[in-house]
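*Asks:* Mind having a look at this structure? Questions to follow.
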Amino acid sequence: PTDVATDGDYALVTAGRVVHDPSGDPFLDEDFHTAFLFQRSGTSWNVLRRLNEYREDPTFEIPLAVAMQNGIAAVQAHRTDIWELTTAGWVQSPDELVTEAPGPWLSIDQGRFLSGDGGGSWSARVYQKDAGGVWQTAAVLLGKPRLEGSDDEFRGGPADISGPWAVVQQLNGEDDPVPESFIFQDPGTGFNPLPYGGMRPPAGATRFGPEVAIRWPDVFVAGGVEAGTYVFPEIPAQGIQLATRIQALDSFMGSGPATGFARSADLLLQHAWSYDRNAFVVNVFTQRDDDTYEHVAVLALKNGESLGQSISISGRRVLVGNNGNGLVHYFEIPANLASPAAIQDTFTVGNPASWWATSPGSQFSAGPRGNTRVYRQLNQIV
């Protein structure tokens with residue numbers, strides 16, 4: 001799979017190659033993984049360099065993952081490397097990271113990385129630079145023991161970080177199989193390894209996760225077709241509560257479940273199926289003044305093929321990868337976004353007068369009610 005990350009004029013794209021056994025034995029083939037660093041110049045992305053390449057351990061495979069923000073980047077392969085942008089260019093930083101079983105979820109915010117990591121529990125690890133300039137595993141955020149127990153084949157689950165807050169999805173549990181989302185906090189002395197709080201599926205939910213994202217105070221959890229994405233903000237004096245749901249405009253056809261997220265300061269991107277296009281797309285949402293979310297754009301391919309679920313955004317620039325063919329697609333989101341005007345016939349009365357006449361009980365107004373458009377009758381037949 002191809003993971004992507006972008007940070008201003010720079011981008012990371014993972015890659016792999018296979019060295020075939022000279023005798024032709026496929027079990028002796030060797031896989032190597034790396035990431036390529038790109039820089040944007042004008043309208044083109046140019047390769048700067050290939051970063052460290054590592055041979056995959058066939059007895060303990062680790063998914064490729066990348067994350068970058070504000071001149072700091074992490075590349076996860078057989079081992080995890082940290083890179084920093086200096087006056088001399090991108091330089092590998094010293095690290096003493098301790099990992100267990102990292103999964104494909106790696107994120108960064110405000111100088112700290114979060115990796116969904118755990119072969120026995122749905123836990124996560126925080127990577128942070130210490131006072132001596134060495135990157136360390138600063139905290140292990142403890143999740144529930146897996147329903148299936150512990151195994152070398154298991155890898156960490158979905159997790160995301162936003163400043164001093166993190167969300168770590170619990171797909172199941174040994175004592176409690178119901179999925180839930182754990183919230184962790186750094187009160188100023190480092191992340192507490194125990195959850196600050198959590199969210200469980202609302203009544204009637206057919207799906208809760210596995211994808212999650214956080215842009216504090218909002219936490220996003222993928223829901224089913226009937227619900228779309230759940231939004232849980234922390235409400236003062238009330239705690240973390242379900243406040244609203246996010247659905248694409250064609251969600252009545254079943255595009256609700258999100259299979260990937262990315263977020264910036266003002267945009268939320270959601271990878272989901274579109275029945276209009278018969279393909280996976282990336283839906284773009286902005287937050288309204290009332291804290292609900294408005295669907296304002298769709299990122300899609302002109303050839304009708306699906307976009308992958310690896311998404312990264314920096315400013316208005318978006319990279320999308322992991323669609324199975326090794327391609328990475330680049331988008332620029334316009335600075336001004338608004339929902340398109342509704343396509344409708346206003347049925348103007350008297351233009352010309354013989355065309356349309358108002359009938360009692362036939363006039364309606366439309367208004368939003370959460371995710372539903374409600375039509376209210378203005379005139380009633382007496």
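A note on labels: chains of the structure tokens are A, B, ... as shown, every chain counts residues from 1, and ligands are counted from 1 in their shown order.
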For Ser41 in chain A, work out the shell of residues within 12 Å, counting only C-alpha atoms and skipping chain neighbours fewer than 2 positions away, then give it as a PyMOL selection string.

*Replies:* chain A and resi 8-11+38-39+43-48

*Asks:* Store the residues picked out above, limited to C-alpha atoms, as a short mmCIF file (atom, residue, chain, number, x, y, z; two decimals), in the first residue's frame.

*Replies:*
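Result file follows (again-v1.cif):
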```
data_model
loop_
_atom_site.label_atom_id
_atom_site.label_comp_id
_atom_site.auth_asym_id
_atom_site.auth_seq_id
_atom_site.Cartn_x
_atom_site.Cartn_y
_atom_site.Cartn_z
CA GLY A 8 3.77 22.80 2.56
CA ASP A 9 6.06 22.34 -0.43
CA TYR A 10 7.22 18.89 0.69
CA ALA A 11 5.67 15.45 0.45
CA PHE A 38 9.35 15.29 -2.97
CA GLN A 39 9.45 19.08 -3.23
CA THR A 43 3.35 23.31 -10.79
CA SER A 44 5.50 20.18 -10.49
CA TRP A 45 6.50 17.78 -7.73
CA ASN A 46 10.16 16.76 -8.01
CA VAL A 47 11.98 13.93 -6.23
CA LEU A 48 14.56 15.25 -3.77
#
```

*Asks:* Enumerate the residues of range 41-109 of chain A with a DSSP assignment of strand (DSSP E), computed from the backbone, and present them as a PyMOL selection string.

*Replies:* chain A and resi 41+44-50+54-55+65-69+72-76+80-86+89-92+95-96+102-109

*Asks:* Using only C-alpha atoms, find each residue in range 186-270 of chain A having at least one atom no more than 10 Å away from range 152-157 of chain A; report its shortest atom-to-atom pair and that distance in Å (one decimal), rows by chain then rising number, as CSV.

*Replies:*
```
residue,atom,partner,partner_atom,distance
A:Pro210,CA,A:Gly157,CA,8.0
A:Glu211,CA,A:Gly157,CA,8.9
A:Val212,CA,A:Gly157,CA,9.9
```

*Asks:* Would you compute the distance between CA of Arg200 in chain A and CA of Val178 in chain A? Give it in Å to one decimal.

*Replies:*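 Taking CA of Arg200 in chain A as the start and CA of Val178 in chain A as the end point, the length is 7.8 Å.
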
*Asks:* Please measure the separation of CA of Gly223 in chain A and CA of Gly204 in chain A, giving the value in Å to one decimal.

*Replies:* 10.8 Å

*Asks:* Which residues are near Trp273 in chain A? Cut-off 9 Å, only C-alpha atoms, ignore same chain within fewer than 2 positions. Put them as a list in words.

*Replies:* Gly254, Ser255, Gly256, Pro257, Ala258, Thr259, His271, Tyr275, Arg277, Asn278, Ala279, Phe280, Val281, Val282 and Ser306 of chain A

*Asks:* Skipping near chain neighbours, those fewer than 5 positions away, what residues fall within 9 Å of Pro217 in chain A using only C-alpha atoms, listed as a VMD selection string?

*Replies:* chain A and resid 162 165 232 to 235 240

*Asks:* Applying 7 Å and only C-alpha atoms, which residues near range 77-86 of chain A remain after dropping the ones on its own chain fewer than 4 positions away? List them as a list in words.

*Replies:*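 The residues that qualify are His33, Thr34, Tyr54, Arg55, Glu56, Ile62, Pro63, Leu64, Gly71, Ile72, Ala73, Trp90, Val91, Gln92 and Ser93 of chain A.
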
*Asks:* Mind writing the picked residues with C-alpha atoms as a CSV table (one decimal), in the first residue's frame?

*Replies:*
```csv
chain,number,residue,atom,x,y,z
A,33,HIS,CA,10.5,-0.6,1.8
A,34,THR,CA,11.4,3.1,1.8
A,54,TYR,CA,14.9,-1.3,5.0
A,55,ARG,CA,14.5,-5.0,4.3
A,56,GLU,CA,11.2,-6.3,5.5
A,62,ILE,CA,5.2,-3.8,9.8
A,63,PRO,CA,2.9,-1.6,7.6
A,64,LEU,CA,4.3,1.4,5.8
A,71,GLY,CA,9.3,20.5,9.1
A,72,ILE,CA,9.1,17.3,11.0
A,73,ALA,CA,8.5,13.9,9.4
A,90,TRP,CA,16.1,17.3,5.6
A,91,VAL,CA,18.3,15.5,8.2
A,92,GLN,CA,17.6,12.3,10.1
A,93,SER,CA,17.3,13.0,13.8
```

*Asks:* Provide the CA of Val231 in chain A to CA of Thr244 in chain A distance in Å, to one decimal place.

*Replies:*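 Result for CA of Val231 in chain A versus CA of Thr244 in chain A: 5.4 Å, one decimal.
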
*Asks:* Applying 9 Å and only C-alpha atoms, which residues near Leu337 in chain A remain after dropping the ones on its own chain fewer than 3 positions away? List them as an MDAnalysis selection string.

*Replies:* chainID A and resid 286 296:297 333:334

*Asks:* Filtering to all heavy atoms, could you give me those residues as an mmCIF file, in the first residue's frame?

*Replies:*
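Done, and the output landed in again_25.cif:
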```cif
data_model
loop_
_atom_site.group_PDB
_atom_site.id
_atom_site.type_symbol
_atom_site.label_atom_id
_atom_site.label_comp_id
_atom_site.auth_asym_id
_atom_site.auth_seq_id
_atom_site.Cartn_x
_atom_site.Cartn_y
_atom_site.Cartn_z
ATOM 1 N N THR A 286 -16.723 21.716 5.619
ATOM 2 C CA THR A 286 -16.333 22.840 6.469
ATOM 3 C C THR A 286 -17.309 22.913 7.641
ATOM 4 O O THR A 286 -18.424 22.398 7.566
ATOM 5 C CB THR A 286 -16.362 24.173 5.713
ATOM 6 O OG1 THR A 286 -17.679 24.393 5.176
ATOM 7 C CG2 THR A 286 -15.365 24.181 4.574
ATOM 8 N N VAL A 296 -18.996 20.630 1.051
ATOM 9 C CA VAL A 296 -18.744 21.730 0.121
ATOM 10 C C VAL A 296 -17.997 21.307 -1.144
ATOM 11 O O VAL A 296 -17.937 22.076 -2.110
ATOM 12 C CB VAL A 296 -17.949 22.860 0.814
ATOM 13 C CG1 VAL A 296 -18.794 23.518 1.892
ATOM 14 C CG2 VAL A 296 -16.635 22.333 1.397
ATOM 15 N N ALA A 297 -17.420 20.118 -1.175
ATOM 16 C CA ALA A 297 -16.666 19.716 -2.376
ATOM 17 C C ALA A 297 -16.477 18.213 -2.386
ATOM 18 O O ALA A 297 -16.564 17.544 -1.350
ATOM 19 C CB ALA A 297 -15.315 20.423 -2.430
ATOM 20 N N ILE A 333 -7.495 22.611 -3.270
ATOM 21 C CA ILE A 333 -8.856 23.012 -2.923
ATOM 22 C C ILE A 333 -8.959 24.532 -3.004
ATOM 23 O O ILE A 333 -8.103 25.243 -2.450
ATOM 24 C CB ILE A 333 -9.220 22.526 -1.516
ATOM 25 C CG1 ILE A 333 -9.144 20.992 -1.457
ATOM 26 C CG2 ILE A 333 -10.607 23.000 -1.112
ATOM 27 C CD1 ILE A 333 -9.415 20.424 -0.085
ATOM 28 N N PRO A 334 -9.959 25.076 -3.697
ATOM 29 C CA PRO A 334 -10.105 26.537 -3.785
ATOM 30 C C PRO A 334 -10.220 27.175 -2.403
ATOM 31 O O PRO A 334 -10.703 26.565 -1.445
ATOM 32 C CB PRO A 334 -11.404 26.712 -4.583
ATOM 33 C CG PRO A 334 -11.576 25.427 -5.323
ATOM 34 C CD PRO A 334 -11.001 24.358 -4.443
#
```

*Asks:* Find the residues near Arg317 in chain A: any atom within 7 Å, counting only C-alpha atoms, skip ones fewer than 3 places away on the same chain, and give them as a ChimeraX atom specification.

*Replies:* /A:313-314,331-333

*Asks:* With distances taken over only C-alpha atoms, which residue among A:Gly120, A:Asp290, A:Gly133, A:Gln110 lies nearest Asp95 in chain A?

*Replies:*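 Checking each of A:Gly120, A:Asp290, A:Gly133, A:Gln110 against Asp95 in chain A, counting only C-alpha atoms, the winner is A:Gly133.
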
*Asks:* Using only C-alpha atoms, pick whichever of A:Glu180, A:Glu30, A:Asp117, A:Asp266 has the shortest atom-to-atom distance to Ala159 in chain A.

*Replies:*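 Once distances to Ala159 in chain A are computed over only C-alpha atoms, the minimum belongs to A:Asp117.
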
*Asks:* Measuring atom to atom with only C-alpha atoms, identify which of A:Leu37, A:Val167, A:Leu194, A:Val318 is nearest to Ile214 in chain A.

*Replies:* A:Val167
